[in-house]
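Quick look at query.cif (mmCIF, C-alpha atoms):
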```cif
data_input
loop_
_atom_site.label_atom_id
_atom_site.label_comp_id
_atom_site.auth_asym_id
_atom_site.auth_seq_id
_atom_site.Cartn_x
_atom_site.Cartn_y
_atom_site.Cartn_z
CA PRO A 1 -7.77 61.26 27.78
CA THR A 2 -5.35 61.12 24.89
CA LEU A 3 -6.66 57.86 23.42
CA ARG A 4 -10.24 59.14 23.40
CA ARG A 5 -9.28 62.50 21.89
CA LEU A 6 -7.26 60.78 19.17
CA SER A 7 -9.99 58.28 18.42
CA HIS A 8 -12.56 61.08 18.15
CA TYR A 9 -10.16 63.07 15.93
CA LEU A 10 -9.67 60.15 13.52
CA LEU A 11 -13.24 58.82 13.32
CA ALA A 12 -15.33 61.99 13.63
CA HIS A 13 -15.46 62.66 9.88
CA TYR A 14 -14.18 59.28 8.62
CA GLN A 15 -16.08 57.69 5.69
CA LYS A 16 -15.50 53.93 5.67
CA GLY A 17 -17.58 53.37 2.56
CA SER A 18 -14.87 54.48 0.10
CA ARG A 19 -11.28 53.48 -0.51
CA PRO A 20 -9.02 55.61 1.76
CA VAL A 21 -7.02 57.56 -0.87
CA ARG A 22 -7.08 61.27 -1.67
CA ASP A 23 -6.38 60.66 -5.37
CA TRP A 24 -8.57 57.94 -6.89
CA ARG A 25 -5.72 57.00 -9.24
CA THR A 26 -3.60 55.91 -6.26
CA THR A 27 -3.43 52.14 -5.79
CA THR A 28 -3.89 50.73 -2.30
CA ASN A 29 -1.11 48.24 -1.65
CA VAL A 30 -2.05 45.48 0.80
CA ALA A 31 0.84 43.41 2.19
CA ILE A 32 -0.19 40.01 3.53
CA ASP A 33 1.51 37.31 5.54
CA LEU A 34 0.59 33.79 6.63
CA MET A 35 1.80 31.40 9.31
CA VAL A 36 0.42 27.86 9.64
CA TYR A 37 -0.52 27.04 13.21
CA ALA A 38 -2.05 23.54 12.88
CA ILE A 39 -3.35 20.99 10.37
CA LEU A 40 -6.74 20.07 11.80
CA SER A 41 -8.01 17.48 9.33
CA VAL A 42 -7.57 16.11 5.83
CA ASP A 43 -10.78 14.73 4.31
CA GLU A 44 -9.72 12.60 1.35
CA LYS A 45 -13.27 11.62 0.41
CA ASN A 46 -14.56 15.20 0.12
CA GLN A 47 -11.17 16.65 -0.91
CA VAL A 48 -11.20 19.23 1.90
CA LEU A 49 -8.27 20.49 3.96
CA THR A 50 -8.90 22.18 7.32
CA THR A 51 -6.08 24.33 8.66
CA TYR A 52 -5.67 26.94 11.36
CA ILE A 53 -3.55 29.91 10.26
CA TRP A 54 -2.38 33.23 11.63
CA TYR A 55 -3.18 35.80 8.97
CA ARG A 56 -1.70 39.30 8.90
CA GLN A 57 -2.24 42.18 6.51
CA HIS A 58 -1.38 45.88 6.51
CA TRP A 59 -2.13 48.81 4.22
CA THR A 60 -1.91 52.60 4.30
CA ASP A 61 -5.00 54.64 5.09
CA GLU A 62 -4.42 58.25 4.08
CA PHE A 63 -7.23 59.50 6.35
CA LEU A 64 -5.84 57.95 9.53
CA LYS A 65 -2.73 60.10 10.00
CA TRP A 66 -1.90 62.45 12.89
CA ASP A 67 0.90 64.40 14.46
CA PRO A 68 2.13 62.56 17.58
CA ALA A 69 3.23 65.86 19.18
CA ARG A 70 -0.41 66.99 19.41
CA PHE A 71 -1.45 63.78 21.19
CA ASP A 72 1.14 63.26 23.92
CA ASN A 73 3.61 61.55 21.50
CA LEU A 74 1.14 58.71 20.87
CA THR A 75 2.26 56.84 17.72
CA GLN A 76 -0.12 53.87 17.69
CA ILE A 77 -3.75 53.28 18.53
CA SER A 78 -6.24 50.43 18.26
CA LEU A 79 -9.53 51.16 16.53
CA PRO A 80 -12.68 49.07 15.97
CA VAL A 81 -12.47 47.18 12.73
CA GLU A 82 -16.13 48.02 11.97
CA SER A 83 -15.33 51.76 11.99
CA ILE A 84 -12.71 51.87 9.24
CA TRP A 85 -12.29 50.69 5.67
CA VAL A 86 -10.99 47.11 5.35
CA PRO A 87 -9.97 45.47 2.04
CA ASP A 88 -12.16 42.64 0.79
CA ILE A 89 -9.41 40.03 0.77
CA LEU A 90 -10.81 36.49 0.58
CA ILE A 91 -9.50 32.98 -0.03
CA ASN A 92 -10.68 31.52 -3.32
CA GLU A 93 -10.60 27.91 -2.07
CA PHE A 94 -13.06 28.55 0.78
CA VAL A 95 -15.75 25.82 0.93
CA ASP A 96 -17.13 26.47 4.42
CA VAL A 97 -16.98 29.06 7.15
CA GLY A 98 -14.72 27.86 9.93
CA LYS A 99 -15.00 28.55 13.65
CA SER A 100 -12.62 31.50 13.72
CA PRO A 101 -12.51 33.85 16.71
CA HIS A 102 -13.57 37.39 16.03
CA VAL A 103 -10.90 40.06 16.57
CA PRO A 104 -12.71 43.43 16.84
CA TYR A 105 -9.71 45.78 16.65
CA VAL A 106 -6.90 46.81 14.32
CA TYR A 107 -3.70 48.72 15.01
CA VAL A 108 -3.18 52.12 13.35
CA SER A 109 0.13 54.02 13.37
CA HIS A 110 0.55 57.79 12.99
CA HIS A 111 1.78 57.27 9.40
CA GLY A 112 -1.62 55.84 8.48
CA GLU A 113 -0.42 52.21 8.38
CA VAL A 114 -3.17 49.81 9.45
CA GLN A 115 -2.31 46.33 10.74
CA ASN A 116 -5.02 43.69 10.81
CA LEU A 117 -3.95 40.54 12.68
CA LYS A 118 -6.35 37.64 13.12
CA PRO A 119 -6.42 33.83 13.37
CA ILE A 120 -8.55 31.98 10.80
CA GLN A 121 -9.79 28.42 10.63
CA VAL A 122 -9.66 27.67 6.92
CA MET A 123 -11.71 24.93 5.25
CA THR A 124 -10.51 24.85 1.67
CA ALA A 125 -10.89 22.60 -1.34
CA CYS A 126 -7.70 20.77 -2.23
CA SER A 127 -6.83 18.16 -4.81
CA LEU A 128 -5.52 15.38 -2.57
CA ASP A 129 -3.39 12.66 -4.13
CA ILE A 130 -3.58 9.52 -1.99
CA TYR A 131 -1.92 7.09 -4.40
CA SER A 132 1.21 6.82 -2.27
CA PHE A 133 -0.67 6.53 1.07
CA PRO A 134 0.64 6.36 3.82
CA PHE A 135 3.79 8.00 2.47
CA ASP A 136 1.90 10.77 0.68
CA VAL A 137 2.83 14.44 0.43
CA GLN A 138 0.01 16.94 -0.17
CA ASN A 139 0.31 20.36 -1.75
CA CYS A 140 -2.69 22.61 -1.09
CA SER A 141 -2.96 26.23 -2.16
CA LEU A 142 -4.49 29.23 -0.36
CA THR A 143 -5.18 32.02 -2.85
CA PHE A 144 -5.73 35.49 -1.37
CA THR A 145 -7.34 38.02 -3.68
CA SER A 146 -9.74 40.95 -3.69
CA TRP A 147 -13.16 39.71 -4.67
CA LEU A 148 -14.26 43.02 -6.22
CA HIS A 149 -11.38 45.46 -6.72
CA HIS A 150 -9.06 44.97 -9.69
CA ILE A 151 -5.35 45.45 -9.57
CA ARG A 152 -5.51 49.21 -10.30
CA ASP A 153 -7.40 49.72 -7.04
CA ILE A 154 -5.94 47.06 -4.73
CA ASN A 155 -2.61 45.41 -5.29
CA LEU A 156 -1.14 42.61 -3.17
CA SER A 157 2.39 42.04 -1.96
CA LEU A 158 4.20 39.82 0.51
CA TRP A 159 4.84 41.21 3.97
CA ARG A 160 8.04 39.22 4.59
CA GLN A 161 10.67 37.73 2.34
CA PRO A 162 9.65 34.46 0.60
CA GLU A 163 12.54 32.60 2.27
CA LEU A 164 11.31 33.61 5.71
CA VAL A 165 7.79 32.47 4.91
CA LYS A 166 8.91 29.17 3.40
CA PHE A 167 10.59 27.62 6.44
CA ASP A 168 8.73 29.39 9.23
CA ARG A 169 7.55 26.74 11.70
CA SER A 170 7.75 28.91 14.79
CA VAL A 171 4.04 28.60 15.63
CA PHE A 172 3.25 25.24 14.04
CA MET A 173 1.93 22.52 16.34
CA ASN A 174 3.70 19.45 15.00
CA GLN A 175 2.28 16.71 17.23
CA GLY A 176 -0.46 15.52 14.89
CA GLU A 177 -0.63 13.15 11.96
CA TRP A 178 0.67 15.71 9.46
CA GLU A 179 4.04 17.40 9.31
CA LEU A 180 4.53 20.83 7.73
CA LEU A 181 7.37 20.80 5.20
CA TYR A 182 7.31 24.35 3.85
CA VAL A 183 5.05 27.15 2.61
CA LEU A 184 5.71 28.58 -0.84
CA SER A 185 4.45 31.98 -1.96
CA HIS A 186 3.74 33.23 -5.46
CA PHE A 187 2.22 36.43 -6.85
CA GLN A 188 0.32 36.54 -10.12
CA GLU A 189 -2.28 38.52 -12.02
CA PHE A 190 -5.55 36.86 -12.86
CA SER A 191 -8.24 37.80 -15.37
CA VAL A 192 -11.44 36.15 -16.61
CA LYS A 193 -12.51 36.46 -20.26
CA SER A 194 -10.47 39.56 -21.10
CA SER A 195 -11.81 41.48 -18.11
CA ASP A 196 -9.79 43.58 -15.70
CA SER A 197 -6.89 41.89 -13.97
CA TYR A 198 -6.94 40.98 -10.32
CA ALA A 199 -3.98 40.55 -8.01
CA GLU A 200 -3.54 37.13 -6.42
CA MET A 201 -1.14 35.96 -3.75
CA LYS A 202 -0.87 32.16 -3.59
CA PHE A 203 0.49 30.26 -0.63
CA TYR A 204 1.26 26.58 -1.24
CA VAL A 205 1.10 24.62 2.02
CA VAL A 206 3.11 21.42 1.59
CA ILE A 207 2.44 18.78 4.24
CA ARG A 208 3.54 15.18 4.71
CA ARG A 209 1.80 12.35 6.54
CA ARG A 210 3.61 10.57 9.35
CA PRO A 211 3.46 6.89 8.27
CA LEU A 212 4.51 5.12 11.50
CA PHE A 213 0.98 4.39 12.72
CA TYR A 214 -0.15 3.00 9.36
CA THR A 215 3.05 1.00 8.96
CA VAL A 216 2.49 -0.73 12.30
CA SER A 217 -1.26 -1.26 11.94
CA LEU A 218 -1.51 -2.04 8.19
CA LEU A 219 1.75 -3.11 6.61
CA LEU A 220 3.35 -5.24 9.34
CA PRO A 221 0.34 -7.58 9.91
CA SER A 222 0.07 -8.13 6.17
CA ILE A 223 3.79 -8.86 5.92
CA PHE A 224 3.59 -11.32 8.82
CA LEU A 225 0.73 -13.21 7.17
CA MET A 226 2.65 -13.41 3.89
CA VAL A 227 5.74 -14.71 5.72
CA MET A 228 3.63 -17.41 7.36
CA ASP A 229 2.28 -18.36 3.93
CA ILE A 230 5.85 -18.81 2.68
CA VAL A 231 6.77 -20.86 5.77
CA GLY A 232 3.74 -23.06 5.11
CA PHE A 233 5.48 -24.49 2.03
CA TYR A 234 7.78 -26.45 4.35
CA LEU A 235 4.90 -28.65 5.47
CA PRO A 236 4.91 -32.07 3.72
CA PRO A 237 2.90 -31.85 0.51
CA HIS A 238 1.44 -35.36 0.85
CA SER A 239 -0.25 -34.47 4.13
CA GLY A 240 -3.51 -32.58 4.32
CA GLU A 241 -2.24 -30.14 6.92
CA ARG A 242 -0.86 -27.72 4.36
CA VAL A 243 -4.25 -27.22 2.69
CA SER A 244 -6.00 -26.47 5.99
CA PHE A 245 -3.15 -24.16 7.00
CA LYS A 246 -3.39 -22.18 3.74
CA ILE A 247 -7.18 -21.91 4.02
CA THR A 248 -6.82 -20.59 7.57
CA LEU A 249 -4.35 -17.95 6.39
CA LEU A 250 -6.68 -16.90 3.58
CA LEU A 251 -9.60 -16.52 5.97
CA GLY A 252 -7.43 -14.59 8.43
CA TYR A 253 -6.30 -12.21 5.70
CA SER A 254 -9.93 -11.66 4.63
CA VAL A 255 -10.86 -10.70 8.20
CA PHE A 256 -7.82 -8.39 8.33
CA LEU A 257 -8.97 -6.58 5.17
CA ILE A 258 -12.45 -6.12 6.61
CA ILE A 259 -10.97 -4.56 9.76
CA VAL A 260 -8.63 -2.14 7.95
CA SER A 261 -11.11 -1.10 5.26
CA ASP A 262 -12.27 1.87 7.36
CA THR A 263 -8.69 3.04 7.86
CA LEU A 264 -7.89 3.34 4.16
CA PRO A 265 -8.76 6.68 2.51
CA ALA A 266 -11.61 6.42 0.04
CA THR A 267 -11.95 8.68 -2.99
CA ALA A 268 -13.77 8.51 -6.27
CA VAL A 269 -10.65 9.61 -8.15
CA GLY A 270 -8.34 6.67 -7.56
CA THR A 271 -7.22 3.86 -5.29
CA PRO A 272 -4.17 4.13 -3.03
CA LEU A 273 -1.26 1.87 -3.79
CA ILE A 274 -1.61 0.13 -0.45
CA GLY A 275 -5.08 -1.04 -1.51
CA ILE A 276 -3.57 -2.58 -4.63
CA TYR A 277 -0.91 -4.14 -2.38
CA PHE A 278 -3.58 -5.81 -0.24
CA VAL A 279 -5.42 -7.11 -3.30
CA VAL A 280 -2.21 -8.55 -4.77
CA CYS A 281 -1.37 -10.19 -1.43
CA MET A 282 -4.81 -11.77 -1.39
CA ALA A 283 -4.25 -13.00 -4.96
CA LEU A 284 -0.88 -14.47 -3.93
CA LEU A 285 -2.53 -16.34 -1.08
CA VAL A 286 -5.13 -17.74 -3.49
CA ILE A 287 -2.37 -18.79 -5.91
CA SER A 288 -0.49 -20.45 -3.04
CA LEU A 289 -3.61 -22.38 -2.01
CA THR A 290 -4.23 -23.44 -5.63
CA GLU A 291 -0.64 -24.68 -5.93
CA THR A 292 -1.00 -26.65 -2.71
CA ILE A 293 -4.21 -28.30 -3.90
CA LEU A 294 -2.49 -29.23 -7.19
CA ILE A 295 0.48 -30.80 -5.42
CA VAL A 296 -1.71 -32.74 -3.00
CA ARG A 297 -3.71 -34.04 -5.93
CA LEU A 298 -0.53 -35.25 -7.67
CA VAL A 299 1.01 -37.01 -4.70
CA HIS A 300 -2.22 -38.62 -3.47
CA LYS A 301 -2.14 -42.39 -3.93
CA GLN A 302 -4.86 -43.85 -6.17
CA ASP A 303 -5.30 -47.36 -7.49
CA LEU A 304 -6.29 -46.18 -10.95
CA GLN A 305 -3.50 -43.62 -11.27
CA PRO A 306 -1.61 -43.94 -14.58
CA HIS A 307 2.14 -44.07 -14.96
CA VAL A 308 4.15 -40.86 -15.09
CA PRO A 309 4.83 -39.94 -18.74
CA GLU A 310 8.42 -40.29 -19.86
CA TRP A 311 8.72 -36.64 -20.88
CA MET A 312 7.61 -35.58 -17.41
CA LYS A 313 10.16 -37.91 -15.81
CA HIS A 314 12.87 -36.47 -18.03
CA LEU A 315 11.95 -32.85 -17.32
CA LEU A 316 11.16 -33.00 -13.61
CA LEU A 317 13.15 -35.94 -12.23
CA GLU A 318 16.33 -35.33 -14.23
CA ARG A 319 16.54 -31.80 -15.61
CA ALA A 320 14.62 -29.94 -12.93
CA THR A 321 16.46 -31.60 -10.02
CA VAL A 322 19.79 -30.45 -11.46
CA LEU A 323 18.46 -26.97 -12.24
CA LEU A 324 16.91 -26.51 -8.79
CA CYS A 325 19.87 -28.11 -7.01
CA VAL A 326 17.58 -30.49 -5.14
CA ARG A 327 19.61 -32.41 -2.56
CA ASP A 328 17.48 -35.56 -2.80
CA ARG A 329 17.82 -36.07 -6.53
CA LYS A 330 19.98 -39.16 -5.83
CA LYS A 331 17.01 -40.69 -4.05
CA PHE A 332 14.98 -40.23 -7.20
CA SER A 333 17.51 -42.18 -9.27
CA GLN A 334 17.81 -44.80 -6.51
CA SER A 335 14.06 -45.24 -6.42
CA ARG A 336 14.01 -45.70 -10.17
CA THR A 337 16.79 -48.30 -9.83
CA GLN A 338 14.79 -50.06 -7.14
CA SER A 339 11.82 -50.15 -9.50
CA LEU A 340 13.98 -51.82 -12.13
CA ASP A 341 15.24 -54.35 -9.56
CA ILE A 342 11.67 -55.15 -8.56
CA SER A 343 10.74 -55.74 -12.19
CA ARG A 344 13.71 -58.09 -12.58
CA GLN A 345 12.65 -59.99 -9.51
CA VAL A 346 9.20 -60.31 -10.97
CA GLU A 347 10.70 -61.78 -14.17
CA ASN A 348 12.68 -64.28 -12.09
CA ASN A 349 9.49 -65.26 -10.31
CA ASP A 350 7.86 -65.75 -13.69
CA SER A 351 10.66 -68.08 -14.76
CA THR A 352 10.33 -70.01 -11.50
CA ALA A 353 6.60 -70.26 -12.01
CA LYS A 354 7.24 -72.04 -15.33
CA LEU A 355 8.50 -75.17 -13.56
CA THR A 356 6.71 -78.43 -14.05
CA PRO A 357 4.33 -79.68 -11.41
CA TYR A 358 7.22 -81.66 -9.89
CA GLY A 359 9.49 -78.64 -9.57
CA CYS A 360 11.99 -79.73 -12.32
CA GLU A 361 13.33 -77.65 -15.12
CA GLU A 362 14.40 -80.47 -17.51
CA PRO A 363 11.69 -82.78 -18.86
CA ARG A 364 14.00 -85.81 -18.73
CA GLU A 365 14.65 -85.29 -15.04
CA CYS A 366 10.99 -84.89 -14.41
CA GLY A 367 10.31 -88.11 -16.29
CA ALA A 368 12.81 -90.11 -14.24
CA VAL A 369 11.55 -88.76 -10.96
CA GLY A 370 7.97 -89.28 -12.05
CA GLY A 371 8.64 -92.89 -12.97
CA THR A 372 10.18 -93.64 -9.60
CA ARG A 373 7.38 -91.93 -7.68
CA SER A 374 4.71 -93.59 -9.77
CA THR A 375 6.17 -96.94 -8.86
CA LEU A 376 6.11 -96.09 -5.16
CA ALA A 377 2.72 -94.32 -4.94
CA PHE A 378 0.72 -94.85 -8.10
CA ALA A 379 -2.57 -94.96 -6.28
CA GLY A 380 -2.45 -91.33 -5.03
CA ARG A 381 -1.05 -89.76 -8.19
CA THR A 382 -4.31 -88.39 -9.51
CA GLU A 383 -5.35 -86.80 -6.21
CA GLY A 384 -1.91 -85.28 -5.54
CA LEU A 385 -1.65 -83.84 -9.03
CA ALA A 386 -5.03 -82.09 -8.70
CA ALA A 387 -4.14 -80.65 -5.27
CA LEU A 388 -0.77 -79.47 -6.55
CA GLN A 389 -2.38 -77.75 -9.52
CA GLU A 390 -4.83 -76.01 -7.17
CA VAL A 391 -1.96 -74.81 -4.97
CA LEU A 392 -0.11 -73.53 -8.05
CA ARG A 393 -3.18 -71.62 -9.19
CA GLU A 394 -3.58 -70.00 -5.76
CA THR A 395 0.13 -69.16 -5.65
CA THR A 396 -0.04 -67.62 -9.12
CA ALA A 397 -3.05 -65.47 -8.07
CA ILE A 398 -1.24 -64.30 -4.94
CA ARG A 399 1.88 -63.51 -6.98
CA GLN A 400 -0.15 -61.51 -9.50
CA LEU A 401 -1.87 -59.61 -6.70
CA LEU A 402 1.47 -58.75 -5.11
CA GLU A 403 2.88 -57.68 -8.48
CA LYS A 404 -0.13 -55.46 -9.07
CA ARG A 405 0.17 -53.93 -5.63
CA GLU A 406 3.87 -53.31 -6.15
CA GLU A 407 3.11 -51.71 -9.48
CA PHE A 408 0.60 -49.38 -7.79
CA ARG A 409 3.21 -48.52 -5.19
CA ASP A 410 5.77 -47.73 -7.89
CA VAL A 411 3.27 -45.48 -9.66
CA ALA A 412 2.40 -43.69 -6.43
CA ARG A 413 6.10 -43.32 -5.61
CA GLU A 414 6.82 -41.81 -9.01
CA TRP A 415 3.98 -39.30 -8.68
CA LEU A 416 5.20 -38.46 -5.19
CA GLN A 417 8.64 -37.69 -6.59
CA VAL A 418 7.10 -35.57 -9.35
CA GLY A 419 5.01 -33.75 -6.75
CA TYR A 420 8.02 -32.98 -4.56
CA VAL A 421 10.05 -31.60 -7.47
CA LEU A 422 7.11 -29.60 -8.79
CA ASP A 423 6.45 -28.28 -5.27
CA VAL A 424 10.03 -27.02 -5.00
CA LEU A 425 9.81 -25.44 -8.45
CA LEU A 426 6.52 -23.66 -7.78
CA PHE A 427 7.68 -22.57 -4.32
CA ARG A 428 10.77 -20.89 -5.74
CA VAL A 429 8.74 -19.20 -8.47
CA TYR A 430 6.26 -18.00 -5.84
CA LEU A 431 9.07 -16.79 -3.58
CA ALA A 432 10.71 -14.91 -6.47
CA ALA A 433 7.38 -13.24 -7.31
CA VAL A 434 6.84 -12.17 -3.68
CA LEU A 435 10.39 -10.81 -3.39
CA ALA A 436 10.15 -8.91 -6.68
CA TYR A 437 6.79 -7.45 -5.66
CA SER A 438 8.10 -6.41 -2.24
CA ILE A 439 11.24 -4.79 -3.66
CA THR A 440 9.18 -2.87 -6.24
CA LEU A 441 6.77 -1.53 -3.62
CA GLY A 442 9.59 -0.64 -1.23
CA THR A 443 11.45 1.22 -3.97
CA LEU A 444 8.37 3.17 -5.06
CA TRP A 445 7.48 4.18 -1.53
CA SER A 446 11.10 5.18 -0.80
CA VAL A 447 11.23 7.34 -3.93
CA TRP A 448 7.94 9.04 -3.06
CA ARG A 449 8.98 9.60 0.52
CA ASP A 450 12.30 11.19 -0.42
CA ALA A 451 10.80 13.26 -3.24
#
```
Starting from the file, lay out its structure as structure tokens.
Amino acid sequence: PTLRRLSHYLLAHYQKGSRPVRDWRTTTNVAIDLMVYAILSVDEKNQVLTTYIWYRQHWTDEFLKWDPARFDNLTQISLPVESIWVPDILINEFVDVGKSPHVPYVYVSHHGEVQNLKPIQVMTACSLDIYSFPFDVQNCSLTFTSWLHHIRDINLSLWRQPELVKFDRSVFMNQGEWELLYVLSHFQEFSVKSSDSYAEMKFYVVIRRRPLFYTVSLLLPSIFLMVMDIVGFYLPPHSGERVSFKITLLLGYSVFLIIVSDTLPATAVGTPLIGIYFVVCMALLVISLTETILIVRLVHKQDLQPHVPEWMKHLLLERATVLLCVRDRKKFSQSRTQSLDISRQVENNDSTAKLTPYGCEEPRECGAVGGTRSTLAFAGRTEGLAALQEVLRETTAIRQLLEKREEFRDVAREWLQVGYVLDVLLFRVYLAAVLAYSITLGTLWSVWRDA
């Protein structure tokens, strides 16, 4: 048969141990091509990228030429790859041998052009930058070069045009976590310590992570918890419910971080920005809880609580209410007016308490009334005077107790007002910090995603 006769004709005296050129000064030009089929895995911890590629290469073998007219116009034949010379083209970034299927044949044309087509599972080292996770873009290189032959023996070139290689996604399986953006190609000469130069063909595989899964499972729960923390500021500060609510949120966020810790990529080089985001959110929750404890401490009523200092009244109850546009600032002034009215009433009670035992303000009137009463009931004067003095002492003690209690209430009311104003002030500062932090992160991630 023609195929057998041609195969015997080509391989009968073929020597695969030497480079297939008749003149040793002739350079063997190997044209290579690459198509990315799938991104299998990206190991951020070990900095390893596993891809599945379709690799193609062709070169001219001067000892594998024939006249098609002598062999029934046969212009192409497949030969065993172990029977002919094959260039030692390797990938420099190889870190492990992948499970690639073995293709035992190559195509040979009557001009001596050999085409070697094979799929390769490539496990290569790659410097992975996870700072912008989950909106990260990775750029990993595949460097094809001859491990032994320098550029005078084997030179490399690109099979297709660079533009065709760059945007070729015809065989890419794009249903996984990673999306192929483009493949760049670059040729260069490489030498080590002034030795002979070697030809290198670099392919830069640029991939981008699809962030929808991580946005739903990582970012949205964290955002919801932070929104609930902000809503918690609308609980009354003088009740203990806000403290328990904030502590519950903090514990819930801690459990959330424990759950998502396995999802975040871990490297010894750096920490992803989303990890810093979680830490800052935890710090904001702690700050919110600390602020709540401070406000509850201020507004809590105590018998030994001192008066609010005048400078604090001036800053918080007058200046801060105007600056923060607090709607209830009139109530603060009204409460202070009520305090003044209470003090005036206390003074009036003091003046009333200065009456004589007979209830008269003028001594002359008291004398006249006393003379008349002494005439009518002189026998019971001593006993009545003692009883009246005892009643006056009891009344004075009750009045002092009520005044003291009212003073405590005024002090507690003033601290409550200070606590409300300070709560509004700290809440707006906290809200501004959260908004600024969110806008900064959103801007950074948008810039990295569009880059």
inquiry  = To test your reading of the syntax: which residues would the PyMOL selection byres ((chain A and resi 166-175) around 6) return for the file shown? Reply as a VMD selection string.
reply    = chain A and resid 36 to 38 163 to 165 176 182 to 184
inquiry  = If I take CA of Leu235 (chain A) and CA of Leu218 (chain A), how far is one from the other in Å, to one decimal?
reply    =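 Separating CA of Leu235 (chain A) from CA of Leu218 (chain A) is a distance of 27.5 Å.
Compared by their closest atoms to Phe245 (chain A), and using all atoms listed in the file, the residues A:Arg209, A:Gly232, A:Leu257, A:Ser288 rank with A:Gly232 nearest.
Among the candidates A:Gln76, A:Thr50, A:His110, A:Val206, the residue lying nearest to Glu62 (chain A) is A:His110 (atoms considered: only C-alpha atoms).
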task = Point out the residue among A:Ser261, A:Ser78, A:Ser239, A:Ser197 with the least atom-to-atom distance to Val299 (chain A), counting only C-alpha atoms.
result =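 Of A:Ser261, A:Ser78, A:Ser239, A:Ser197, the one nearest Val299 (chain A) is A:Ser239, counting only C-alpha atoms.
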task = Report the residues retrieved by the PyMOL selection byres ((chain A and resi 74) around 9) from the displayed file, expressed as a list of chain:residue names.
result =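 Against this file, the PyMOL selection byres ((chain A and resi 74) around 9) returns the residues A:Thr2, A:Leu3, A:Leu6, A:Asp67, A:Pro68, A:Ala69, A:Arg70, A:Phe71, A:Asp72, A:Asn73, A:Thr75, A:Gln76, A:Ile77, A:Ser109, A:His110.
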Pull C-alpha atoms from the residues just selected and write them as a compact mmCIF listing (two decimals), keeping the file's coordinate frame.
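Output below, filename out_33.txt:
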```txt
# COMPACT_ATOMS: atom_id res chain seq x y z
CA THR A 2 -5.35 61.12 24.89
CA LEU A 3 -6.66 57.86 23.42
CA LEU A 6 -7.26 60.78 19.17
CA ASP A 67 0.90 64.40 14.46
CA PRO A 68 2.13 62.56 17.58
CA ALA A 69 3.23 65.86 19.18
CA ARG A 70 -0.41 66.99 19.41
CA PHE A 71 -1.45 63.78 21.19
CA ASP A 72 1.14 63.26 23.92
CA ASN A 73 3.61 61.55 21.50
CA THR A 75 2.26 56.84 17.72
CA GLN A 76 -0.12 53.87 17.69
CA ILE A 77 -3.75 53.28 18.53
CA SER A 109 0.13 54.02 13.37
CA HIS A 110 0.55 57.79 12.99
```
Starting from the displayed file, determine the output of the PyMOL selection byres ((chain A and resi 35) around 6) and express the residue list as an mmCIF file with C-alpha atoms, in the frame of the given file.
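What follows is the written file part.cif:
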```
data_model
loop_
_atom_site.group_PDB
_atom_site.id
_atom_site.type_symbol
_atom_site.label_atom_id
_atom_site.label_comp_id
_atom_site.auth_asym_id
_atom_site.auth_seq_id
_atom_site.Cartn_x
_atom_site.Cartn_y
_atom_site.Cartn_z
ATOM 1 C CA LEU A 34 0.590 33.790 6.630
ATOM 2 C CA VAL A 36 0.420 27.860 9.640
ATOM 3 C CA ILE A 53 -3.550 29.910 10.260
ATOM 4 C CA TRP A 54 -2.380 33.230 11.630
#
```
Counting all atoms listed in the file, the residue of A:Ile258, A:Leu64, A:Ala199, A:Leu148 that sits nearest Tyr14 (chain A) =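 Among the listed residues, A:Leu64 lies closest to Tyr14 (chain A).
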message = Please determine, counting all atoms listed in the file, which residue among A:Asn92, A:Asn46, A:Ser41, A:Thr27 has the shortest atom-to-atom distance to Ala266 (chain A).
response =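 Smallest distance to Ala266 (chain A) is found for A:Asn46.
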Straight-line distance linking CA of Asp129 (chain A) with CA of Gly270 (chain A), stated in Å to one decimal = 8.5 Å
note = A straight line from CA of Gln57 (chain A) to CA of Phe203 (chain A) spans 14.2 Å
